[in-house]
Every structure is written in structure tokens, then in C-alpha cells.
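A.B. asks: What follows is final08.txt, compact mmCIF, C-alpha atoms.
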```txt
# COMPACT_ATOMS: atom_id res chain seq x y z
CA MET M 691 -40.85 77.04 -75.42
CA GLY M 692 -41.42 75.41 -78.81
CA ILE M 693 -43.97 72.87 -77.57
CA SER M 694 -46.12 71.95 -80.57
CA TYR M 695 -48.33 69.12 -79.29
CA PHE M 696 -50.48 68.63 -76.23
CA PHE M 697 -52.25 65.40 -75.32
CA ILE M 698 -55.37 66.36 -73.37
CA ALA M 699 -56.36 63.27 -71.38
CA GLY M 700 -58.43 62.34 -68.36
CA GLY M 701 -60.65 61.07 -66.97
CA GLU M 702 -62.90 62.50 -69.62
CA PRO M 703 -61.81 65.95 -70.90
CA LEU M 704 -65.20 66.74 -72.46
CA MET M 705 -66.72 66.83 -68.95
CA TYR M 706 -64.75 70.07 -68.45
CA ASP M 707 -67.11 72.71 -69.81
CA GLY M 708 -65.34 75.09 -72.16
CA ILE M 709 -62.12 73.11 -72.55
CA LEU M 710 -62.35 72.93 -76.35
CA GLU M 711 -63.07 76.63 -76.72
CA LEU M 712 -60.08 77.43 -74.49
CA ILE M 713 -57.48 75.34 -76.28
CA ALA M 714 -58.82 76.30 -79.71
CA GLU M 715 -57.47 79.82 -79.13
CA PHE M 716 -53.88 78.56 -79.46
CA ARG M 717 -53.81 78.04 -83.19
CA ASN M 718 -50.09 77.25 -83.44
CA ILE M 719 -50.42 74.18 -81.18
CA VAL M 720 -51.99 70.83 -82.06
CA PHE M 721 -54.18 69.39 -79.30
CA LEU M 722 -55.02 65.69 -79.34
CA VAL M 723 -58.14 65.33 -77.19
CA PHE M 724 -58.47 61.81 -75.78
CA THR M 725 -62.16 61.05 -75.21
CA ASN M 726 -64.34 57.98 -74.76
CA GLY M 727 -66.63 59.62 -77.33
CA THR M 728 -69.89 59.34 -75.42
CA LEU M 729 -70.20 63.12 -74.86
CA ILE M 730 -69.57 64.11 -78.47
CA ASP M 731 -72.59 66.02 -79.78
CA GLY M 732 -73.48 68.50 -82.49
CA LYS M 733 -71.82 71.39 -80.68
CA THR M 734 -68.63 69.42 -80.13
CA ILE M 735 -68.47 68.42 -83.78
CA LYS M 736 -68.87 72.04 -84.89
CA ILE M 737 -65.92 73.06 -82.70
CA PHE M 738 -63.71 70.28 -84.05
CA LYS M 739 -64.71 71.09 -87.62
CA LYS M 740 -63.95 74.79 -87.20
CA ASN M 741 -60.64 74.31 -85.41
CA TYR M 742 -58.25 72.04 -87.28
CA ASN M 743 -55.70 72.19 -84.46
CA LEU M 744 -58.09 70.15 -82.28
CA ILE M 745 -58.07 66.43 -83.05
CA PRO M 746 -60.40 63.95 -81.32
CA VAL M 747 -58.76 60.66 -80.30
CA ILE M 748 -61.38 58.05 -79.46
CA SER M 749 -60.50 55.59 -76.68
CA PHE M 750 -61.90 52.08 -76.93
CA GLU M 751 -60.73 48.49 -76.48
CA GLY M 752 -60.45 47.37 -80.09
CA ASP M 753 -63.72 45.52 -80.66
CA MET M 754 -67.27 45.38 -79.31
CA SER M 755 -66.70 42.49 -76.91
CA ASN M 756 -63.68 43.98 -75.12
CA THR M 757 -65.03 47.54 -75.20
CA ASP M 758 -68.44 46.67 -73.75
CA THR M 759 -66.90 44.36 -71.14
CA ARG M 760 -64.75 47.16 -69.80
CA ARG M 761 -66.87 50.24 -70.51
CA GLY M 762 -70.47 49.00 -70.38
CA ARG M 763 -72.95 47.30 -72.66
CA GLY M 764 -73.75 49.25 -75.80
CA VAL M 765 -70.81 51.67 -75.50
CA TYR M 766 -68.98 50.37 -78.57
CA GLU M 767 -71.96 50.77 -80.86
CA LYS M 768 -72.71 54.23 -79.47
CA VAL M 769 -69.14 55.45 -79.85
CA MET M 770 -68.73 54.07 -83.38
CA GLY M 771 -71.88 56.04 -84.24
CA LYS M 772 -70.13 59.19 -82.99
CA VAL M 773 -67.07 58.30 -85.08
CA GLU M 774 -69.30 58.07 -88.15
CA GLU M 775 -70.62 61.56 -87.42
CA LEU M 776 -67.04 62.85 -87.17
CA ASN M 777 -66.18 61.15 -90.47
CA ASN M 778 -69.23 62.61 -92.20
CA SER M 779 -68.14 66.06 -91.04
CA GLY M 780 -64.67 65.61 -92.53
CA ILE M 781 -62.91 65.76 -89.15
CA LEU M 782 -59.45 64.19 -88.78
CA THR M 783 -59.97 61.48 -86.16
CA GLY M 784 -57.66 59.11 -84.30
CA PHE M 785 -58.10 56.29 -81.83
CA SER M 786 -56.36 55.05 -78.70
CA VAL M 787 -56.35 51.42 -77.56
CA THR M 788 -54.70 49.91 -74.49
CA ILE M 789 -53.31 46.49 -75.38
CA ASP M 790 -53.51 43.62 -72.90
CA LYS M 791 -53.88 39.85 -72.94
CA ASN M 792 -57.63 40.15 -73.61
CA ASN M 793 -57.52 42.12 -76.84
CA LYS M 794 -54.01 41.48 -78.22
CA GLY M 795 -55.23 38.80 -80.63
CA HIS M 796 -57.82 41.09 -82.16
CA ILE M 797 -55.50 44.10 -82.40
CA ALA M 798 -52.98 42.05 -84.42
CA SER M 799 -55.60 40.91 -86.93
CA LYS M 800 -56.64 41.78 -90.47
CA ASP M 801 -60.21 42.31 -89.24
CA PHE M 802 -59.08 45.07 -86.89
CA PHE M 803 -57.08 46.91 -89.54
CA GLU M 804 -59.79 46.50 -92.16
CA ASN M 805 -62.19 48.16 -89.71
CA ILE M 806 -60.05 51.00 -88.38
CA ARG M 807 -58.73 52.18 -91.74
CA LYS M 808 -62.31 52.95 -92.79
CA LYS M 809 -63.01 55.02 -89.67
CA PHE M 810 -59.77 56.56 -88.40
CA ASN M 811 -56.85 58.53 -89.83
CA PHE M 812 -54.28 57.31 -87.29
CA GLY M 813 -54.03 55.32 -84.09
CA ILE M 814 -52.16 55.18 -80.78
CA LEU M 815 -51.50 51.87 -79.04
CA VAL M 816 -50.41 51.77 -75.40
CA ALA M 817 -49.26 48.63 -73.57
CA TYR M 818 -51.37 47.90 -70.50
CA GLN M 819 -49.60 49.07 -67.35
CA PRO M 820 -50.76 47.68 -63.98
CA LEU M 821 -50.58 50.40 -61.33
CA THR M 822 -52.18 48.93 -58.20
CA GLY M 823 -49.96 45.91 -57.61
CA LYS M 824 -49.81 42.23 -58.46
CA GLU M 825 -53.57 41.75 -58.37
CA ASP M 826 -54.02 43.51 -61.72
CA SER M 827 -50.77 42.44 -63.35
CA GLY M 828 -52.24 39.31 -64.94
CA ASN M 829 -53.37 41.22 -68.04
CA ALA M 830 -49.96 42.74 -68.77
CA LEU M 831 -48.05 41.31 -71.73
CA SER M 832 -44.70 39.65 -71.18
CA MET M 833 -41.76 41.18 -73.03
CA ASP M 834 -41.75 38.30 -75.52
CA GLU M 835 -45.49 38.70 -76.10
CA TYR M 836 -45.15 42.45 -76.53
CA ASN M 837 -42.22 42.25 -78.94
CA LYS M 838 -43.96 39.62 -81.06
CA LEU M 839 -47.18 41.63 -81.06
CA SER M 840 -45.35 44.82 -82.03
CA ASP M 841 -43.77 43.08 -85.01
CA GLU M 842 -47.16 41.75 -86.15
CA ILE M 843 -48.80 45.15 -85.74
CA ASP M 844 -46.00 46.95 -87.60
CA ALA M 845 -46.36 44.52 -90.51
CA LEU M 846 -50.13 45.02 -90.67
CA ALA M 847 -49.82 48.81 -90.41
CA GLU M 848 -47.36 48.80 -93.30
CA LYS M 849 -49.58 46.50 -95.37
CA TYR M 850 -52.62 48.71 -94.92
CA GLY M 851 -50.72 52.00 -95.07
CA PHE M 852 -52.05 53.00 -91.65
CA SER M 853 -50.27 55.42 -89.29
CA LEU M 854 -49.73 53.98 -85.81
CA LEU M 855 -47.83 55.15 -82.75
CA ASN M 856 -46.99 52.27 -80.43
CA PHE M 857 -45.96 52.97 -76.80
CA PRO M 858 -43.51 52.10 -75.46
CA GLY M 859 -42.12 50.11 -78.40
CA ASP M 860 -41.64 53.00 -80.82
CA GLU M 861 -39.53 54.87 -78.25
CA GLU M 862 -36.69 52.43 -78.89
CA GLU M 863 -36.08 54.06 -82.27
CA PHE M 864 -35.25 57.27 -80.36
CA GLY M 865 -32.97 55.71 -77.77
CA GLY M 866 -35.55 54.50 -75.26
CA CYS M 867 -37.82 56.22 -72.74
CA MET M 868 -38.79 59.71 -73.94
CA SER M 869 -40.16 60.92 -70.60
CA SER M 870 -39.03 63.68 -68.25
CA GLY M 871 -38.83 66.33 -70.97
CA ARG M 872 -36.65 64.36 -73.36
CA GLY M 873 -39.66 63.99 -75.63
CA PHE M 874 -42.62 64.69 -73.38
CA VAL M 875 -43.61 65.36 -69.80
CA HIS M 876 -46.87 64.84 -67.89
CA ILE M 877 -48.81 67.46 -65.94
CA ASN M 878 -51.56 66.03 -63.75
CA SER M 879 -54.85 67.62 -62.75
CA ASN M 880 -53.26 69.21 -59.66
CA GLY M 881 -50.50 70.86 -61.68
CA ASP M 882 -47.78 68.42 -60.63
CA VAL M 883 -45.13 67.85 -63.32
CA GLU M 884 -44.37 64.13 -63.51
CA PRO M 885 -41.88 62.20 -65.69
CA CYS M 886 -44.76 60.39 -67.43
CA PRO M 887 -48.43 59.48 -66.82
CA PHE M 888 -47.40 56.15 -65.26
CA ALA M 889 -44.73 57.58 -62.95
CA GLY M 890 -46.51 59.92 -60.57
CA ILE M 891 -43.53 61.16 -58.55
CA SER M 892 -43.61 64.92 -59.04
CA ALA M 893 -40.69 67.17 -59.88
CA GLY M 894 -42.61 70.30 -58.87
CA ASN M 895 -45.91 72.10 -59.39
CA ILE M 896 -46.58 74.64 -62.12
CA ARG M 897 -48.71 76.64 -59.67
CA ASP M 898 -45.53 77.33 -57.71
CA THR M 899 -42.69 77.14 -60.24
CA GLY M 900 -42.35 77.76 -63.97
CA LEU M 901 -42.27 74.75 -66.27
CA VAL M 902 -38.80 75.66 -67.57
CA SER M 903 -37.41 75.58 -64.04
CA ILE M 904 -39.04 72.24 -63.30
CA LEU M 905 -37.72 70.66 -66.49
CA LYS M 906 -34.19 71.68 -65.46
CA THR M 907 -34.37 70.15 -61.98
CA PRO M 908 -31.66 67.55 -61.19
CA TYR M 909 -34.45 64.98 -60.69
CA LEU M 910 -35.78 65.13 -64.27
CA LYS M 911 -32.32 65.71 -65.71
CA SER M 912 -31.04 62.56 -64.01
CA ILE M 913 -33.88 60.52 -65.53
CA ARG M 914 -33.24 61.94 -68.99
CA ASP M 915 -29.48 61.45 -68.88
CA ASN M 916 -29.12 58.08 -67.17
CA LYS M 917 -31.52 55.25 -68.03
CA ASP M 918 -28.96 52.68 -66.80
CA GLN M 919 -29.90 53.47 -63.20
CA PHE M 920 -33.20 51.65 -63.68
CA ARG M 921 -33.86 47.91 -63.72
CA LYS M 922 -34.71 46.42 -67.09
CA ILE M 923 -38.40 45.66 -67.39
CA GLU M 924 -39.73 42.14 -67.91
CA ASN M 925 -42.90 43.12 -69.72
CA GLY M 926 -43.94 45.46 -72.49
CA SER M 927 -44.99 48.29 -70.20
CA CYS M 928 -43.46 51.52 -68.90
CA LEU M 929 -39.82 51.57 -67.77
CA LEU M 930 -40.39 54.15 -65.03
CA ALA M 931 -43.61 52.59 -63.71
CA ASN M 932 -41.63 49.42 -63.08
CA ASN M 933 -38.99 51.39 -61.18
CA LEU M 934 -41.06 53.64 -58.93
CA ASP M 935 -38.99 52.67 -55.88
CA ILE M 936 -35.81 53.85 -57.62
CA LEU M 937 -37.54 57.05 -58.76
CA LYS M 938 -38.58 57.79 -55.18
CA GLU M 939 -35.08 57.10 -53.87
CA LEU M 940 -33.58 59.27 -56.62
CA LYS M 941 -35.79 62.22 -55.75
CA GLU M 942 -35.10 61.88 -52.02
CA LYS M 943 -31.37 61.50 -52.60
CA LEU M 944 -31.17 64.64 -54.71
CA ALA M 945 -33.28 66.57 -52.19
CA ASP M 946 -31.05 65.46 -49.31
CA SER M 947 -27.90 66.38 -51.21
CA GLY M 948 -29.12 69.95 -51.37
CA LYS M 949 -28.99 70.14 -55.15
CA LYS M 950 -31.14 73.10 -56.04
CA PHE M 951 -31.87 74.68 -59.39
CA ASP M 952 -31.12 78.37 -59.68
CA ASP M 953 -34.29 80.00 -61.05
CA SER M 954 -32.26 82.97 -62.24
CA THR M 955 -30.85 80.86 -65.08
CA ALA M 956 -34.16 79.32 -66.15
CA ASP M 957 -34.72 81.44 -69.21
CA LYS M 958 -31.13 81.41 -70.48
```
Turn this file's structure into C-alpha cells for me.
C.D. replies:
Amino acid sequence: MGISYFFIAGGEPLMYDGILELIAEFRNIVFLVFTNGTLIDGKTIKIFKKNYNLIPVISFEGDMSNTDTRRGRGVYEKVMGKVEELNNSGILTGFSVTIDKNNKGHIASKDFFENIRKKFNFGILVAYQPLTGKEDSGNALSMDEYNKLSDEIDALAEKYGFSLLNFPGDEEEFGGCMSSGRGFVHINSNGDVEPCPFAGISAGNIRDTGLVSILKTPYLKSIRDNKDQFRKIENGSCLLANNLDILKELKEKLADSGKKFDDSTADK
């Protein structure tokens, strides 16, 4: 199908015994393995070193204080030790940080960039997205906060010559939300194909239907082709996650209308 990149995320992928050996077989695909780093050991490092198509992406919260508050005391120091082992082995290594009100000041600082450029080859920043309702929405950045932060981060990344991918901000350069197969699609642990990781309303299951067929469903096609059907978001988080009610209505409407995809044309 021409898919060149897979993001392997969890949970914690390294808890799945044999996952690295399995994906390493597909040499023409790059796999970014998102891990909290605590399970990296000598065996893991050997696999990464041998297979250049496997790239570890270490998830943390930006600094020791925020990381240990969220993930447990001593985790930051332990994980940075693992990063040093990866560096000493010459392994291309990235990081992933979720940005919220707690760590935004540190992420947009010279100290942060001075630190990461010594340890990582690239980074991925993702705006915090509350998923359980208003009770956890207090940490989400407002749109003004997110836009200002993105500008500050872009300037620092340029100054230090550091490669960063910023979600969802960088999607704007490509015309907005890249979900639903326009740029990427999410497959959850049950095999359900979802528009994105934050919009868990399935278009179908790969255990039942081929991925090509699912990508061509009216549901995903409607999302790709018509972003104007969604409300504009008021914070720096995911467009679809802030419009789950509309996504649900869209799927039900298309199902009720009897719009079906003809599997016979899937491979054409």
C-alpha cells in the first residue's frame, strides 16, 4: 500500500514479548517504537543496533520534576540512564513529550533544548488532550497559549538546529487534520481502525475487513474531505476529539443511509 512508517505505541510496547523481532523483519518500513524506556536492556539495545529501521522514541514529561510526578519517583533518572546507553551504542533515538500547563514553561526554554540536543536526534511534541471530561481539562492549553508556545518552540528548534514534530500545530502546513487516512490512521489493540488515537469511533476492524476497504468507507472519506462539518476547537488539542458527538452522528447517519462500500473495487 506504500505505507512507510508505523508508530508502535501503547501502553508499553516492550511488554509484548517478541514485538521488536517481529517488526524488524520488514526492512522497508520504519518503525518508531514509543516506550517509557524502563524495560530497555542489553537485549533490546542489541536489536535496535542491528535493525536501523527500528527507532526508539522515549516518552517522558520534559524534566525530572514533571516526569517523576506523573510516572513515579526516580523514573526520570532511570530513563535518562537508558538513553545514555542508547547513545553510547550509536542508536538513533527520539523523544515524545505531551505538553500541558505543567510543563509548557520548561519545554519552551533554552535549558530544555540544551539538554535534549545532547541526548536525542529528534523529538515529537503532542498537545495534552483530555479524554474523560471536564475534570481533567484544566491542564489543556488554550488556543492562544498553544499558538504562542508553538511559535516559541519553533524559534528554539531553529536556533538549535533540532528536528521537532509538533502535533497538532504542524498539521496546519498540510491543510489541517491529517487523520482518517489523509496522512495517518490509528489501529487500536483490538484491530479497530479509528480516525486518530484521540477519536475512538471505529470505521471497521481489520480482523473482519481489509485495511484498503476500511480506508475507503464513506465514514473516513467524509472526515478526510470535509473538515468544515466540525466545530472549531478552542484549545490546542485534537480537532476530532473535540467533536466526538459529531463523529458519532456522522457514522450513524451514513450507516442509516445504507451507504456501503463495494469490496470488489477495493484493490482498483
A.B. asks: Please provide as JSON, numbers by chain all residues within 12 Å of stretch 932-945 of chain M, with the sequence filter that same-chain residues fewer than 5 positions apart are discarded (counting only C-alpha atoms).
C.D. replies: {"M": [819, 820, 821, 822, 823, 824, 827, 870, 884, 885, 886, 888, 889, 890, 891, 892, 893, 894, 907, 908, 909, 910, 911, 912, 913, 916, 917, 918, 919, 920, 921, 922, 923, 924, 925, 926, 927, 950, 951]}
A.B. asks: Using all atoms listed in the file, which of the listed residues (M:Met868, M:Leu729, M:Val902, M:Ala817) sits closest to M:Leu831?
C.D. replies: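 Going through M:Met868, M:Leu729, M:Val902, M:Ala817 one by one, the smallest distance to M:Leu831 is for M:Ala817.
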A.B. asks: Between stretch 765-805 of chain M and stretch 847-852 of chain M, at 10 Å or less, what are the per-residue closest atom pairs and their distances in Å? Count only C-alpha atoms, order by chain and rising residue number, and return it as a Markdown table.
C.D. replies:
```
| residue | atom | partner | partner_atom | distance |
| --- | --- | --- | --- | --- |
| M:Ala798 | CA | M:Ala847 | CA | 9.6 |
| M:Lys800 | CA | M:Tyr850 | CA | 9.2 |
| M:Phe803 | CA | M:Tyr850 | CA | 7.2 |
| M:Glu804 | CA | M:Tyr850 | CA | 8.0 |
```
A.B. asks: My list of candidates is M:Asn829, M:Asn741, M:Asn805, M:Ser869. Which is closest to M:Cys928 when distances are computed with all atoms listed in the file?
C.D. replies: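 The answer is M:Ser869, which sits nearest to M:Cys928.
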A.B. asks: Using all atoms listed in the file, tabulate the residues of stretch 846-870 of chain M lying at most 12 Å from any atom of stretch 781-791 of chain M, each with its closest atom pair and that distance in Å to one decimal, by chain and increasing residue number, as a Markdown table.
C.D. replies:
```
| residue | atom | partner | partner_atom | distance |
| --- | --- | --- | --- | --- |
| M:Phe852 | CA | M:Gly784 | CA | 11.1 |
| M:Ser853 | CA | M:Gly784 | CA | 9.7 |
| M:Leu854 | CA | M:Phe785 | CA | 9.6 |
| M:Leu855 | CA | M:Ser786 | CA | 9.4 |
| M:Asn856 | CA | M:Val787 | CA | 9.8 |
| M:Phe857 | CA | M:Thr788 | CA | 9.5 |
| M:Pro858 | CA | M:Ile789 | CA | 11.3 |
```
A.B. asks: Rounded to one decimal place, report the atom CA of M:Ile896-atom CA of M:Gly871 distance in Å.
C.D. replies: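 Computed distance, atom CA of M:Ile896 to atom CA of M:Gly871, equals 14.4 Å.
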A.B. asks: May I ask for the distance between atom CA of M:Val769 and atom CA of M:Val723, given in Å to one decimal place?
C.D. replies: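 These atoms are spaced 15.0 Å apart.
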A.B. asks: Can you list, as a PyMOL selection string, every protein, DNA or RNA residue that comes within 12 Å of M:Lys772 when you count only C-alpha atoms, leaving out same-chain residues fewer than 5 positions away?
C.D. replies: chain M and resi 725-732+734-735+746-748+765-767+777-779+781+783+809-810
A.B. asks: Can you pull out the residues contacting M:Pro887? Cut-off 10 Å, using only C-alpha atoms, and skip same-chain residues under 5 positions away; I want them as a list of chain:residue names.
C.D. replies: M:Ala699, M:Ser869, M:Val875, M:His876, M:Ile877, M:Asn878, M:Cys928, M:Leu930, M:Ala931
A.B. asks: Rounded to one decimal place, report the atom CA of M:Leu905-atom CA of M:Ile693 distance in Å.
C.D. replies: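 Distance reported for this atom pair: 12.9 Å.
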A.B. asks: Around the point (-59.9, 73.9, -78.7) in the file's coordinates, collect all residues with an atom within 8 Å, using all atoms listed in the file, and return them as a PyMOL selection string.
C.D. replies: chain M and resi 709-716+721+737-738+741+743-744
A.B. asks: Give the padded box for stretch 733-744 of chain M as JSON: axis-aligned, covering all atoms listed in the file, 8 Å on each side, centre and edge lengths in Å to one decimal.
C.D. replies:
```
{"center_x": -63.8, "center_y": 71.6, "center_z": -83.9, "size_x": 32.1, "size_y": 22.4, "size_z": 23.5}
```
A.B. asks: Choose the residue, out of M:Ile797, M:Met705, M:Ile904, M:Val720, that has the smallest atom-to-atom separation from M:Leu846; count all atoms listed in the file.
C.D. replies: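 Closest candidate: M:Ile797.
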